[in-house]
Structures are given as C-alpha cells and as structure tokens.
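Below is the file coords_28.cif, which contains mmCIF, C-alpha atoms.
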data_input
loop_
_atom_site.label_atom_id
_atom_site.label_comp_id
_atom_site.auth_asym_id
_atom_site.auth_seq_id
_atom_site.Cartn_x
_atom_site.Cartn_y
_atom_site.Cartn_z
CA MET E 1 33.04 98.16 133.94
CA ARG E 2 36.65 97.82 132.85
CA ALA E 3 38.02 98.59 136.29
CA MET E 4 35.76 96.02 137.94
CA LEU E 5 36.73 93.29 135.49
CA GLY E 6 40.39 94.00 136.03
CA SER E 7 40.10 93.15 139.72
CA ILE E 8 38.11 89.93 139.39
CA CYS E 9 41.00 87.62 140.16
CA PHE E 10 41.93 89.65 143.22
CA LEU E 11 38.40 89.32 144.55
CA ALA E 12 38.48 85.59 143.99
CA VAL E 13 41.75 85.21 145.83
CA SER E 14 40.77 87.49 148.70
CA ALA E 15 37.47 85.68 149.07
CA TRP E 16 39.01 83.33 151.60
CA ALA E 17 38.45 85.02 154.94
CA GLN E 18 39.98 82.76 157.58
CA GLU E 19 38.54 82.29 161.06
CA SER E 20 40.47 82.10 164.30
CA VAL E 21 39.63 78.45 165.04
CA VAL E 22 42.14 75.90 163.72
CA ALA E 23 41.21 72.28 162.99
CA THR E 24 43.17 69.61 164.85
CA ASP E 25 42.99 66.86 162.21
CA ARG E 26 43.16 66.44 158.44
CA THR E 27 39.78 68.05 157.96
CA LEU E 28 39.12 71.33 156.21
CA HIS E 29 36.10 73.27 157.56
CA LEU E 30 34.36 75.49 155.02
CA GLN E 31 31.46 77.82 155.82
CA SER E 32 29.65 79.88 153.19
CA ASP E 33 27.07 82.65 153.22
CA ILE E 34 26.36 81.79 149.57
CA GLU E 35 24.07 78.85 148.95
CA GLY E 36 24.65 76.40 146.12
CA LEU E 37 28.42 76.68 145.64
CA HIS E 38 29.81 73.44 144.18
CA VAL E 39 32.94 72.48 146.12
CA SER E 40 35.76 70.29 144.81
CA ILE E 41 39.18 69.35 146.14
CA ASP E 42 41.85 68.06 143.78
CA ASP E 43 39.27 67.86 140.94
CA LYS E 44 36.94 65.67 143.02
CA PRO E 45 33.40 66.94 143.89
CA ARG E 46 33.04 67.19 147.67
CA GLY E 47 29.66 68.84 148.26
CA ILE E 48 27.41 71.87 147.82
CA THR E 49 27.22 74.73 150.30
CA THR E 50 24.10 75.72 152.20
CA GLN E 51 23.64 79.24 153.52
CA GLY E 52 25.55 79.43 156.79
CA GLY E 53 26.21 75.70 156.83
CA ILE E 54 29.61 74.13 157.46
CA LEU E 55 31.17 71.48 155.22
CA LYS E 56 33.71 69.19 156.90
CA LEU E 57 36.05 68.02 154.14
CA GLY E 58 38.45 65.23 154.97
CA ILE E 59 41.85 65.24 153.22
CA LYS E 60 43.32 61.74 152.95
CA GLU E 61 46.17 62.01 150.45
CA ASP E 62 49.39 64.00 150.31
CA VAL E 63 49.31 64.16 146.51
CA GLY E 64 49.36 67.69 145.20
CA THR E 65 51.00 70.12 142.84
CA GLY E 66 54.29 68.64 141.68
CA GLY E 67 54.19 66.07 144.47
CA PHE E 68 54.82 68.70 147.15
CA GLY E 69 51.60 67.94 149.01
CA PHE E 70 49.55 70.94 147.93
CA HIS E 71 45.81 70.53 147.43
CA LYS E 72 43.49 72.67 145.37
CA LEU E 73 40.07 73.81 146.54
CA VAL E 74 37.60 75.20 143.98
CA VAL E 75 34.12 76.65 144.52
CA TYR E 76 31.81 77.41 141.60
CA LYS E 77 28.23 78.38 140.87
CA GLU E 78 26.69 79.51 137.60
CA ILE E 79 24.55 82.62 138.06
CA ASN E 80 23.33 83.16 134.50
CA ALA E 81 24.55 82.94 130.90
CA THR E 82 27.26 85.55 131.43
CA HIS E 83 28.26 85.53 135.12
CA GLU E 84 29.37 83.07 137.78
CA TYR E 85 30.80 82.68 141.25
CA TYR E 86 34.29 81.20 141.12
CA ALA E 87 37.27 81.02 143.46
CA GLU E 88 40.16 78.66 144.02
CA ARG E 89 42.89 78.22 146.56
CA GLU E 90 45.87 75.93 147.04
CA PHE E 91 46.70 74.83 150.56
CA LYS E 92 49.17 72.50 152.19
CA TYR E 93 50.04 72.99 155.82
CA LYS E 94 48.24 70.96 158.46
CA PRO E 95 46.22 71.55 160.52
CA TYR E 96 44.14 73.35 157.90
CA GLU E 97 42.85 76.84 158.60
CA PRO E 98 39.02 77.01 158.44
CA ILE E 99 37.65 79.02 155.51
CA ARG E 100 34.63 81.28 155.39
CA ILE E 101 33.14 82.65 152.18
CA SER E 102 30.96 85.74 152.28
CA LYS E 103 29.05 87.77 149.69
CA ASP E 104 31.27 90.74 150.46
CA THR E 105 34.42 88.99 149.31
CA LEU E 106 33.26 86.47 146.70
CA GLN E 107 31.50 88.55 144.08
CA PRO E 108 30.02 87.57 140.69
CA ARG E 109 32.43 87.70 137.81
CA LEU E 110 32.11 87.60 134.04
CA LYS E 111 32.73 84.07 132.76
CA ARG E 112 36.33 83.60 131.72
CA ALA E 113 35.63 82.78 128.07
CA LEU E 114 33.58 85.97 127.68
CA LEU E 115 36.16 88.02 129.54
CA ALA E 116 38.96 86.69 127.34
CA LYS E 117 37.06 87.48 124.15
CA GLN E 118 36.31 90.96 125.42
CA ASN E 119 40.00 91.46 126.18
CA GLY E 120 41.17 90.49 122.70
CA LEU E 121 41.59 86.71 122.67
CA LEU E 122 41.69 85.42 119.09
CA GLN E 123 42.36 81.68 119.46
CA SER E 124 43.99 79.08 121.69
CA VAL E 125 45.37 75.54 121.60
CA GLN E 126 45.64 72.89 124.32
CA LEU E 127 49.12 71.44 124.71
CA LYS E 128 49.92 67.73 124.53
CA HIS E 129 51.25 67.89 128.09
CA ARG E 130 49.38 70.00 130.59
CA LEU E 131 52.31 71.50 132.49
CA ALA E 132 54.41 74.08 130.64
CA SER E 133 56.95 76.71 131.62
CA LYS E 134 58.55 78.59 128.71
CA MET E 135 57.87 79.42 125.06
CA ALA E 136 59.46 81.06 122.01
CA THR E 137 58.20 82.03 118.56
CA ASP E 138 59.72 82.64 115.13
CA GLU E 139 58.19 83.27 111.71
CA ARG E 140 57.04 79.63 111.38
CA PHE E 141 56.54 77.98 114.74
CA ILE E 142 55.62 78.28 118.40
CA TYR E 143 58.01 76.32 120.62
CA VAL E 144 56.88 75.24 124.11
CA LEU E 145 58.79 73.55 126.93
CA SER E 146 56.32 71.20 128.60
CA GLN E 147 56.42 68.47 131.22
CA SER E 148 54.52 65.33 132.14
CA ARG E 149 53.92 64.63 135.81
CA SER E 150 52.80 61.47 137.60
CA LYS E 151 52.03 63.15 140.94
CA VAL E 152 49.69 66.11 140.62
CA TYR E 153 46.26 66.64 142.17
CA SER E 154 44.61 67.25 138.79
CA THR E 155 43.60 63.97 137.12
CA GLN E 156 43.46 65.88 133.83
CA LYS E 157 47.15 66.72 134.13
CA ARG E 158 48.37 63.45 135.64
CA GLU E 159 50.43 61.21 133.33
CA PRO E 160 52.13 57.82 133.78
CA SER E 161 55.69 59.18 134.01
CA ASP E 162 57.77 62.30 134.60
CA ALA E 163 59.46 63.74 131.53
CA GLU E 164 60.34 66.95 129.71
CA TYR E 165 59.33 67.76 126.13
CA LEU E 166 59.65 70.31 123.37
CA GLU E 167 56.30 70.81 121.64
CA ILE E 168 56.13 72.61 118.28
CA TYR E 169 53.03 74.23 116.76
CA ASP E 170 52.35 76.00 113.48
CA LYS E 171 52.30 79.71 114.22
CA LYS E 172 49.49 80.58 111.80
CA THR E 173 47.10 77.68 112.35
CA LEU E 174 48.18 76.48 115.86
CA ALA E 175 48.22 72.95 114.43
CA PHE E 176 50.46 70.47 116.25
CA VAL E 177 53.68 69.87 114.27
CA HIS E 178 56.13 67.83 116.32
CA GLU E 179 57.14 66.69 119.80
CA MET E 180 60.62 65.89 121.12
CA LEU E 181 61.46 64.04 124.33
CA LEU E 182 64.20 66.08 126.01
CA ASN E 183 64.62 64.34 129.34
CA ALA E 184 63.05 61.05 130.40
CA GLN E 185 63.94 61.44 134.09
CA ASP E 186 62.87 65.01 134.66
CA SER E 187 62.49 66.28 138.22
CA ASP E 188 59.75 68.74 139.04
CA SER E 189 60.85 72.30 138.39
CA PHE E 190 60.16 75.20 136.09
CA ASP E 191 63.86 76.05 136.24
CA ARG E 192 64.55 75.75 132.51
CA ASP E 193 64.63 78.03 129.48
CA ILE E 194 64.22 78.28 125.71
CA LEU E 195 65.82 80.84 123.40
CA LEU E 196 65.80 81.67 119.68
CA HIS E 197 69.02 83.46 118.77
CA GLN E 198 71.20 83.92 115.69
CA GLY E 199 69.46 81.16 113.71
CA TYR E 200 69.53 78.63 116.55
CA LEU E 201 67.00 77.28 119.02
CA TYR E 202 68.49 76.66 122.48
CA VAL E 203 66.90 74.65 125.28
CA ALA E 204 68.32 74.61 128.81
CA SER E 205 66.98 71.63 130.75
CA LYS E 206 66.72 71.08 134.47
CA ASN E 207 69.50 68.51 134.26
CA GLY E 208 71.96 71.23 133.21
CA LYS E 209 72.25 70.31 129.54
CA VAL E 210 71.90 72.96 126.84
CA LEU E 211 70.77 71.53 123.52
CA PHE E 212 70.66 73.56 120.33
CA TRP E 213 69.48 73.17 116.75
CA GLU E 214 69.77 75.20 113.58
CA THR E 215 66.17 76.32 113.21
CA LYS E 216 66.14 75.46 109.50
CA LYS E 217 67.10 71.86 110.32
CA LEU E 218 65.16 71.49 113.55
CA LEU E 219 62.73 68.86 112.27
CA THR E 220 65.31 66.82 110.37
CA GLU E 221 68.50 66.74 112.43
CA ALA E 222 69.40 65.77 115.99
CA PRO E 223 70.41 68.56 118.37
CA LYS E 224 73.94 69.40 119.42
CA GLU E 225 74.95 69.91 123.03
CA LEU E 226 76.65 73.07 124.23
CA ALA E 227 79.95 72.29 125.95
CA THR E 228 79.34 73.58 129.50
CA SER E 229 80.86 73.15 132.93
CA ALA E 230 78.43 74.33 135.62
CA LYS E 231 75.23 72.26 135.81
CA GLU E 232 72.76 74.62 137.46
CA LEU E 233 72.81 77.45 134.92
CA ASN E 234 69.38 76.98 133.39
CA ARG E 235 68.63 80.46 132.08
CA LEU E 236 69.61 81.81 128.65
CA ARG E 237 69.78 85.21 126.97
CA GLY E 238 71.20 86.23 123.60
CA PHE E 239 72.49 89.65 122.53
CA GLY E 240 74.32 90.22 119.26
CA ALA E 241 76.97 87.58 118.75
CA TYR E 242 76.93 86.50 122.40
CA LEU E 243 74.99 83.89 124.35
CA PHE E 244 74.72 84.26 128.13
CA ARG E 245 74.01 81.33 130.46
CA PHE E 246 73.23 81.88 134.14
CA GLY E 247 71.15 80.75 137.12
CA LYS E 248 72.35 79.47 140.49
CA GLY E 249 75.79 79.92 141.98
CA GLY E 250 76.24 83.55 140.93
CA ILE E 251 77.98 82.53 137.71
CA VAL E 252 77.43 84.05 134.25
CA GLU E 253 78.92 82.11 131.34
CA ILE E 254 79.50 83.91 128.04
CA TYR E 255 79.60 82.12 124.67
CA HIS E 256 80.61 83.41 121.24
CA HIS E 257 79.37 81.36 118.28
CA ASN E 258 78.53 78.58 120.77
CA VAL E 259 82.06 78.48 122.19
CA HIS E 260 82.66 79.39 125.84
CA VAL E 261 84.88 82.46 126.15
CA LYS E 262 84.39 83.82 129.67
CA SER E 263 82.85 83.15 133.11
CA LEU E 264 81.97 85.90 135.59
CA ASP E 265 81.74 85.09 139.29
CA THR E 266 79.38 87.78 140.54
CA LYS E 267 79.83 86.62 144.15
CA LYS E 268 83.16 88.44 144.18
CA GLN E 269 81.24 91.73 144.19
CA ARG E 270 79.10 92.33 147.28
CA PHE E 271 77.31 95.55 148.14
CA LYS E 272 78.11 97.52 151.27
CA GLY E 273 76.05 96.08 154.08
CA TYR E 274 75.96 92.52 152.73
CA GLU E 275 77.72 91.24 155.87
CA THR E 276 74.87 92.51 158.03
CA LEU E 277 72.30 90.25 156.35
CA GLU E 278 71.03 87.43 158.54
CA ASP E 279 70.88 84.97 155.63
CA LYS E 280 73.86 85.10 153.27
CA ARG E 281 72.87 82.20 151.03
CA PHE E 282 72.18 84.48 148.08
CA ASP E 283 73.61 83.42 144.76
CA ARG E 284 70.83 83.36 142.16
CA ILE E 285 70.84 85.38 138.94
CA PHE E 286 67.43 86.03 137.41
CA ASP E 287 68.22 88.02 134.28
CA VAL E 288 70.99 89.70 132.28
CA LEU E 289 70.99 92.42 129.62
CA TYR E 290 73.85 93.39 127.32
CA THR E 291 74.02 96.73 125.46
CA ASP E 292 76.86 98.97 124.26
CA ASN E 293 79.56 96.66 125.66
CA THR E 294 77.93 96.81 129.10
CA LEU E 295 76.46 93.81 130.91
CA PHE E 296 73.74 94.23 133.55
CA VAL E 297 73.20 91.30 135.94
CA ALA E 298 70.05 91.06 138.11
CA ASN E 299 70.29 88.92 141.25
CA ASP E 300 68.54 88.00 144.51
CA LEU E 301 70.36 90.61 146.58
CA GLY E 302 68.17 93.47 145.39
CA GLU E 303 70.81 94.74 143.01
CA VAL E 304 71.88 94.97 139.38
CA GLN E 305 75.62 94.51 138.93
CA VAL E 306 77.22 96.34 136.01
CA TYR E 307 80.23 95.06 134.05
CA ALA E 308 82.18 96.48 131.12
CA LEU E 309 82.90 93.77 128.58
CA GLY E 310 84.89 95.90 126.16
CA SER E 311 85.44 94.72 122.61
CA SER E 312 85.98 91.19 123.92
CA PRO E 313 84.31 89.44 126.88
CA LYS E 314 87.79 88.42 128.09
CA GLU E 315 88.40 92.08 128.92
CA SER E 316 85.49 92.28 131.40
CA SER E 317 85.70 94.44 134.49
CA PHE E 318 83.27 95.30 137.29
CA ILE E 319 81.91 98.87 137.21
CA THR E 320 79.33 99.33 139.96
CA THR E 321 76.14 98.11 141.57
CA LEU E 322 72.71 99.63 140.97
CA ARG E 323 70.78 99.37 144.22
CA ASP E 324 68.40 101.36 146.39
CA THR E 325 70.64 102.25 149.31
CA ASN E 326 67.60 103.03 151.45
CA VAL E 327 66.61 99.34 151.43
CA GLN E 328 68.71 97.21 153.76
CA ASP E 329 67.27 93.74 153.12
CA ALA E 330 67.79 91.44 150.16
CA TYR E 331 65.07 90.91 147.55
CA ASP E 332 64.76 89.46 144.06
CA VAL E 333 65.46 91.54 140.98
CA LEU E 334 63.54 89.47 138.46
CA ALA E 335 63.60 91.09 135.01
CA LEU E 336 65.51 93.57 132.84
CA ALA E 337 64.45 95.36 129.66
CA LEU E 338 65.69 98.27 127.56
CA TYR E 339 63.64 101.05 126.00
CA ASP E 340 64.38 104.48 124.49
CA LYS E 341 67.84 103.11 123.68
CA GLN E 342 69.33 103.87 127.11
CA THR E 343 66.64 103.41 129.75
CA LEU E 344 66.99 100.22 131.78
CA ALA E 345 63.69 98.95 133.21
CA VAL E 346 64.21 96.77 136.29
CA GLY E 347 61.41 94.52 137.56
CA THR E 348 61.65 93.67 141.25
CA ASP E 349 59.91 91.72 143.96
CA ARG E 350 58.12 94.07 146.40
CA HIS E 351 59.57 97.26 144.89
CA GLY E 352 57.83 97.41 141.52
CA LEU E 353 59.47 98.73 138.35
CA VAL E 354 62.50 101.01 138.72
CA LEU E 355 64.48 102.79 135.99
CA TYR E 356 68.14 103.64 135.36
CA ASP E 357 70.04 105.49 132.66
CA THR E 358 72.43 102.99 131.05
CA LYS E 359 74.94 105.74 130.19
CA THR E 360 75.13 107.65 133.47
CA LEU E 361 73.96 104.70 135.63
CA HIS E 362 71.81 107.13 137.60
CA ALA E 363 68.35 106.26 138.88
CA LEU E 364 65.46 107.86 136.96
CA ALA E 365 61.98 108.87 137.99
CA SER E 366 59.64 105.87 138.21
CA LEU E 367 56.88 105.38 135.68
CA PRO E 368 53.55 106.45 137.20
CA ASN E 369 50.44 104.29 137.48
CA ILE E 370 52.25 100.95 137.77
CA PRO E 371 51.44 98.77 140.83
CA LYS E 372 54.21 99.15 143.39
CA ASN E 373 54.72 95.48 144.12
CA ARG E 374 56.12 92.58 142.11
CA VAL E 375 57.14 92.81 138.44
CA TYR E 376 58.00 89.32 137.26
CA ARG E 377 58.57 89.62 133.51
CA ILE E 378 58.93 92.57 131.11
CA ARG E 379 58.80 92.99 127.32
CA VAL E 380 59.15 96.30 125.47
CA TRP E 381 57.27 96.58 122.18
CA ASN E 382 57.05 99.84 120.23
CA ASP E 383 55.86 102.43 122.78
CA THR E 384 54.49 99.79 125.12
CA VAL E 385 55.76 97.86 128.12
CA LEU E 386 54.07 94.52 128.75
CA LEU E 387 54.55 93.09 132.23
CA THR E 388 53.38 90.33 134.51
CA GLN E 389 53.49 90.38 138.29
CA GLU E 390 53.85 86.73 139.30
CA LEU E 391 53.39 83.18 138.07
CA ASP E 392 50.12 82.53 139.90
CA SER E 393 48.38 85.64 138.52
CA PRO E 394 46.27 85.80 135.33
CA HIS E 395 47.15 89.45 134.68
CA LEU E 396 49.35 90.67 131.84
CA TYR E 397 49.33 94.46 131.68
CA ARG E 398 50.01 96.73 128.72
CA TYR E 399 51.54 100.03 129.78
CA ASP E 400 51.54 102.93 127.30
CA LEU E 401 54.86 104.79 127.60
CA LYS E 402 53.49 107.94 125.96
CA ARG E 403 50.28 108.13 127.98
CA LYS E 404 52.02 106.89 131.16
CA LYS E 405 49.29 104.50 132.21
CA ILE E 406 48.09 100.89 131.97
CA THR E 407 45.73 100.70 129.02
CA HIS E 408 44.84 97.01 128.97
CA ASP E 409 44.85 93.78 130.97
CA PHE E 410 45.05 90.58 128.90
CA GLN E 411 43.16 88.17 131.14
CA GLY E 412 40.36 85.68 130.84
CA GLU E 413 40.81 81.96 130.25
CA ALA E 414 44.20 81.44 131.91
CA ASN E 415 44.81 81.16 135.65
CA GLU E 416 48.41 82.29 135.26
CA VAL E 417 50.87 83.61 132.69
CA MET E 418 53.97 81.42 132.57
CA ASP E 419 55.54 83.20 129.59
CA PHE E 420 54.64 85.50 126.71
CA GLU E 421 55.97 86.67 123.34
CA ILE E 422 55.00 89.42 120.86
CA SER E 423 55.17 88.80 117.12
CA ASP E 424 53.37 90.06 114.01
CA GLU E 425 51.04 92.36 115.94
CA LYS E 426 49.91 89.43 118.09
CA LEU E 427 50.54 88.52 121.71
CA TYR E 428 51.22 84.86 122.54
CA THR E 429 50.76 83.80 126.16
CA LEU E 430 51.42 80.50 127.88
CA ASP E 431 49.71 79.03 130.90
CA ASP E 432 50.37 75.55 132.27
CA GLY E 433 48.31 73.82 129.58
CA HIS E 434 47.53 76.19 126.70
CA VAL E 435 48.90 78.74 124.27
CA TYR E 436 46.66 81.79 123.77
CA VAL E 437 46.83 84.24 120.87
CA TRP E 438 45.64 87.81 121.47
CA ASN E 439 45.17 90.96 119.48
CA VAL E 440 47.97 93.06 120.99
CA ASN E 441 46.06 96.24 120.09
CA PRO E 442 42.45 95.56 121.13
CA LYS E 443 40.01 98.43 120.88
CA GLU E 444 39.78 100.31 124.13
CA GLU E 445 36.39 100.53 125.79
CA GLY E 446 34.60 103.78 124.96
CA LYS E 447 36.48 104.33 121.70
#
Output the structure of this file as structure tokens.
Amino acid sequence: MRAMLGSICFLAVSAWAQESVVATDRTLHLQSDIEGLHVSIDDKPRGITTQGGILKLGIKEDVGTGGFGFHKLVVYKEINATHEYYAEREFKYKPYEPIRISKDTLQPRLKRALLAKQNGLLQSVQLKHRLASKMATDERFIYVLSQSRSKVYSTQKREPSDAEYLEIYDKKTLAFVHEMLLNAQDSDSFDRDILLHQGYLYVASKNGKVLFWETKKLLTEAPKELATSAKELNRLRGFGAYLFRFGKGGIVEIYHHNVHVKSLDTKKQRFKGYETLEDKRFDRIFDVLYTDNTLFVANDLGEVQVYALGSSPKESSFITTLRDTNVQDAYDVLALALYDKQTLAVGTDRHGLVLYDTKTLHALASLPNIPKNRVYRIRVWNDTVLLTQELDSPHLYRYDLKRKKITHDFQGEANEVMDFEISDEKLYTLDDGHVYVWNVNPKEEGK
C-alpha cells in the first residue's frame, strides 16, 4: 500500500493523455472515460463529464498564475469516504492541446487529508497571504515570506494589490503573532530568501534590499538595511561568522559581522568546453557552502566551483571545479549539503544527487535508491537526508543514510513543497498558502 500511495501524484499528473488533434481557437476539448468528474478552470465550475463525451471549454481571459497567462484545470469526483478521483494541470499556450482522461491513467487515490495524517501530519495553519516562498524557524517563531497578488486565477488567492510580507507565527501553537509589510510594489517572483544566523533574521527581497533584525528585538524595533552594491543577489547563507549573498550575475558577496569584506566574480572561472556551449548566458548561483576555510559555489553550468578563503575572505583563491566531465551541456546545480563532516551532497537538475569528498575533492559513489532526476533542496538531519525534487511536486523524501534507502514520503495536503525546516524533532513544510507540522519520525508501516 505504501508504494502505491507514494506514486499518487505522479498518476494524477500523467493522467493527461493528449490526442493528436489540436484546437484552432481558445477552446479546450476534454474527453473522459470516467463519468461524473467535476471540471473547473481557474476555480470556476465548467461542467461534469459523461462517459466518452467531449466537453468544449472556452477560455476567455489571460489571467493566470502570477499574471503570466497560465490557467488551471481541475477534475474531481468523490468515490467514497476515503478515496477520490483528482487531477490538476496548468496550461498556457494556445491553441490548447485536447485532453483525454482514461481509467488507466487517472486512478483512485486516498483523500489528501487522510494521506497526510497517515504520513505523520500533526497540525497546520493557513497563512494570511496565500502565496509564500521561504520560511525559517527558531526556538520561538516560524517566519514566512509571503506575497499578495492581484492577478492570479484563484479567487481565493487574489488580493487587491501586489506586496511582500513577513508573517510570524508562534512555533508551539501556530497562532498568528505579527505581520510586516516589506515591499509595497513587489513584482511577481519567488526570487527572495530568509535566513536566521548569529542572532539575526535576514530577509532578501526581490527589489535587492537585505533587511535584518536582532531576533530578540524583532517585534519592537525597525529593521536595519545591509549596505550592498549589486541588486540581484537575493539568496543568503550563513556559516560561522560569515554571511554569503548571491544570485544572478555570478557574484558572491561575503560579509563579516554585517560588513562587506569581499566579492567573488565566479564568471572569471569557466570550465573547459564552456566556449562550445550554444547559449553562454549562464551566470546564476543557486547555493553556496562554507566549511574548513573552503567555499563551494553551485551554479547553472553544471558545476561546483571551489575556493580557498584562508583565515580571511580577502585571501580567497580559486582551487578547482567539480563537474562531471562526461556531460557536455550546462545544467542547474541546485543545492549543497554536508554530512559525515566531509561529504558534500550536490543536488542537480536531471542528474540526481552526487557526492564529493571535501578534503580530496574526488567524486564518491552515489547513494543508492534515490531517483536519478532532479534534487531541488537538501537538508541533513542526524543520519537522514531530506530532499525535494521540484517546486511543483508534493513529495518530500526522507533518506536513511545507514539503511541506504528512502524510508518515508511526507505528502498529503500540500500540492508542492516551497521550503522546509527541521526543529525539535518536527518537520515544518511550506506550500503556497500553509505551514504544515509533521512528526519527522513517523512509525513505518509494518512496524
């Protein structure tokens, strides 16, 4: 039963078997072998399927996710008290491809609330604003970066204006504590970050500003602004006494006690074969990790650059590049994590999770039983690696490093995992409108 439940979302996504005929207007044609499916587009009911019948669904507006023109199709049918048919799909490009739903591809699934409880969900809270991107936790609070949007297909998520907020919740009770307006003219993007480090809370906004508070004075004093130069460095990491700021442009800025001390231009180091790439507009940094005076920088060229920082960041020097020389194209290296003191776990797009020794900088044998595709975010906790594969997936896997296998999938209520944190034997996950609290050690089935 566990294996079947773990693949529910995949079945729902793959349920859309497209036909060869393409519509010539703004009409979506939907045919179903399952009778009684309730169909909605952009939260609006549009009809009920008959067996073998075709629904012709006109699309009049270009209002969709984030104002980009996407629309959302949902089909649903309750089967009984525990199971349902459910699938959803976002689409944009016109003319719309016809869709056919069959019993072979759209299979009954356990209702999400029951699935979540079975998988260890303890409690949840709905956010004040229904679009969220990043979170952090400390001993007192849960901090969430959220956004309001005026142009989204969901009427439940649509608000009068576009803005960016910091929402704060009590960690024990999930009670709402406080809300701060960060940016009143926020453009649509999840390109922002939040970080708790050395007694401070940092927030990097889309507009390039980095605000920070002393956590003890967060609710009583106004934030300070980090003195920065580059405007598109919206990602933050903290290690020891140093704060690292990075993002677009290939630049890594290093701060010591909130004072800028060094900038690294990673574009000066290009791997052999870079000139043969058709598209050379690669300059994005997705993650950094600092350990034993060594800085690892993950980028969109399919590589991890390695720098020696020495006793002072001003003494930095380039060491080498970690890259699979058998792969000639560029791809995203999305996440870095350290375990067993000197094993670097590298999450990639299309190449899964790869490992390196941080001392020798040699590649290590891959961990078995991990899907060989996208690894979007990684956290190491005790003898466990927790990882997600992509933003639009509800799966968060727990991988046991001793047993060398995935032992749990935290899924259920959420459609996607935007961010997650581990604290006090609990797992906190964020989707675009809720915070969920899980038992990080749920009882395994059969035990």
Query raised in the report: Suppose you want the space between CA of Leu361 (chain E) and CA of Asp400 (chain E); what is it in Å?
Result: 24.0 Å
Query raised in the report: On this structure, which residues satisfy the PyMOL selection byres ((chain E and resi 422-432) around 10), written as number ranges by chain?
Result: E: 120-124, 126-127, 129-139, 142, 144, 146-147, 157, 171, 379-381, 386, 391-392, 394, 396, 410, 413-421, 433-441
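Residues lying within 7 Å of Thr358 (chain E), counting all atoms listed in the file and ignoring same-chain neighbours fewer than 2 positions away, are Gln342, Thr343, Leu344, Tyr356, Thr360 and Leu361 of chain E.
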Output file for the selection above: C-alpha atoms, as an mmCIF file, in the frame of the given file:
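This went into result-v1.cif:
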data_model
loop_
_atom_site.group_PDB
_atom_site.id
_atom_site.type_symbol
_atom_site.label_atom_id
_atom_site.label_comp_id
_atom_site.auth_asym_id
_atom_site.auth_seq_id
_atom_site.Cartn_x
_atom_site.Cartn_y
_atom_site.Cartn_z
ATOM 1 C CA GLN E 342 69.330 103.870 127.110
ATOM 2 C CA THR E 343 66.640 103.410 129.750
ATOM 3 C CA LEU E 344 66.990 100.220 131.780
ATOM 4 C CA TYR E 356 68.140 103.640 135.360
ATOM 5 C CA THR E 360 75.130 107.650 133.470
ATOM 6 C CA LEU E 361 73.960 104.700 135.630
#
Report task. Report as a VMD selection string the residues that result from applying the PyMOL selection byres ((chain E and resi 35) around 9) to the structure here. Result -> chain E and resid 32 to 34 36 to 37 48 to 53
Query raised in the report: When the PyMOL selection byres ((chain E and resi 316) around 10) is applied to the file above, which residues end up in the set, as a PyMOL selection string?
Result: chain E and resi 262-264+293-295+307-315+317-319
Requested in this report: Tell me which protein, DNA and RNA residues are within 9 Å of Arg398 (chain E), counting only C-alpha atoms, leaving out same-chain ones fewer than 4 positions away, and put them as a ChimeraX atom specification.
Outcome: /E:384-387,405-410,440
Would you mind completing region 88-103 of chain E so that it carries N, CA and C atoms, and writing it out as a PDB file, in the frame of the given file?
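The resulting file, out.pdb, is shown below:
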ATOM      1  N   GLU E  88      39.329  79.842 143.784  1.00  0.00           N
ATOM      2  CA  GLU E  88      40.160  78.660 144.020  1.00  0.00           C
ATOM      3  C   GLU E  88      41.305  79.026 144.949  1.00  0.00           C
ATOM      4  N   ARG E  89      41.793  78.004 145.630  1.00  0.00           N
ATOM      5  CA  ARG E  89      42.890  78.220 146.560  1.00  0.00           C
ATOM      6  C   ARG E  89      43.688  76.939 146.738  1.00  0.00           C
ATOM      7  N   GLU E  90      45.008  77.057 146.717  1.00  0.00           N
ATOM      8  CA  GLU E  90      45.870  75.930 147.040  1.00  0.00           C
ATOM      9  C   GLU E  90      46.260  76.004 148.512  1.00  0.00           C
ATOM     10  N   PHE E  91      46.321  74.856 149.154  1.00  0.00           N
ATOM     11  CA  PHE E  91      46.700  74.830 150.560  1.00  0.00           C
ATOM     12  C   PHE E  91      47.509  73.567 150.843  1.00  0.00           C
ATOM     13  N   LYS E  92      48.296  73.634 151.880  1.00  0.00           N
ATOM     14  CA  LYS E  92      49.170  72.500 152.190  1.00  0.00           C
ATOM     15  C   LYS E  92      49.260  72.221 153.679  1.00  0.00           C
ATOM     16  N   TYR E  93      49.588  73.233 154.446  1.00  0.00           N
ATOM     17  CA  TYR E  93      50.040  72.990 155.820  1.00  0.00           C
ATOM     18  C   TYR E  93      48.919  72.534 156.742  1.00  0.00           C
ATOM     19  N   LYS E  94      49.189  71.496 157.496  1.00  0.00           N
ATOM     20  CA  LYS E  94      48.240  70.960 158.460  1.00  0.00           C
ATOM     21  C   LYS E  94      48.614  71.424 159.870  1.00  0.00           C
ATOM     22  N   PRO E  95      47.665  71.666 160.770  1.00  0.00           N
ATOM     23  CA  PRO E  95      46.220  71.550 160.520  1.00  0.00           C
ATOM     24  C   PRO E  95      45.719  72.670 159.608  1.00  0.00           C
ATOM     25  N   TYR E  96      44.652  72.412 158.892  1.00  0.00           N
ATOM     26  CA  TYR E  96      44.140  73.350 157.900  1.00  0.00           C
ATOM     27  C   TYR E  96      43.346  74.473 158.555  1.00  0.00           C
ATOM     28  N   GLU E  97      43.612  75.693 158.112  1.00  0.00           N
ATOM     29  CA  GLU E  97      42.850  76.840 158.600  1.00  0.00           C
ATOM     30  C   GLU E  97      41.421  76.775 158.070  1.00  0.00           C
ATOM     31  N   PRO E  98      40.409  76.960 158.930  1.00  0.00           N
ATOM     32  CA  PRO E  98      39.020  77.010 158.440  1.00  0.00           C
ATOM     33  C   PRO E  98      38.844  78.171 157.465  1.00  0.00           C
ATOM     34  N   ILE E  99      37.897  78.013 156.552  1.00  0.00           N
ATOM     35  CA  ILE E  99      37.650  79.020 155.510  1.00  0.00           C
ATOM     36  C   ILE E  99      36.198  79.455 155.583  1.00  0.00           C
ATOM     37  N   ARG E 100      35.980  80.760 155.470  1.00  0.00           N
ATOM     38  CA  ARG E 100      34.630  81.280 155.390  1.00  0.00           C
ATOM     39  C   ARG E 100      34.491  82.145 154.151  1.00  0.00           C
ATOM     40  N   ILE E 101      33.417  81.907 153.402  1.00  0.00           N
ATOM     41  CA  ILE E 101      33.140  82.650 152.180  1.00  0.00           C
ATOM     42  C   ILE E 101      31.929  83.531 152.421  1.00  0.00           C
ATOM     43  N   SER E 102      32.072  84.818 152.096  1.00  0.00           N
ATOM     44  CA  SER E 102      30.960  85.740 152.280  1.00  0.00           C
ATOM     45  C   SER E 102      30.640  86.447 150.961  1.00  0.00           C
ATOM     46  N   LYS E 103      29.455  87.033 150.885  1.00  0.00           N
ATOM     47  CA  LYS E 103      29.050  87.770 149.690  1.00  0.00           C
ATOM     48  C   LYS E 103      29.862  89.050 149.505  1.00  0.00           C
TER      49      LYS E 103
END
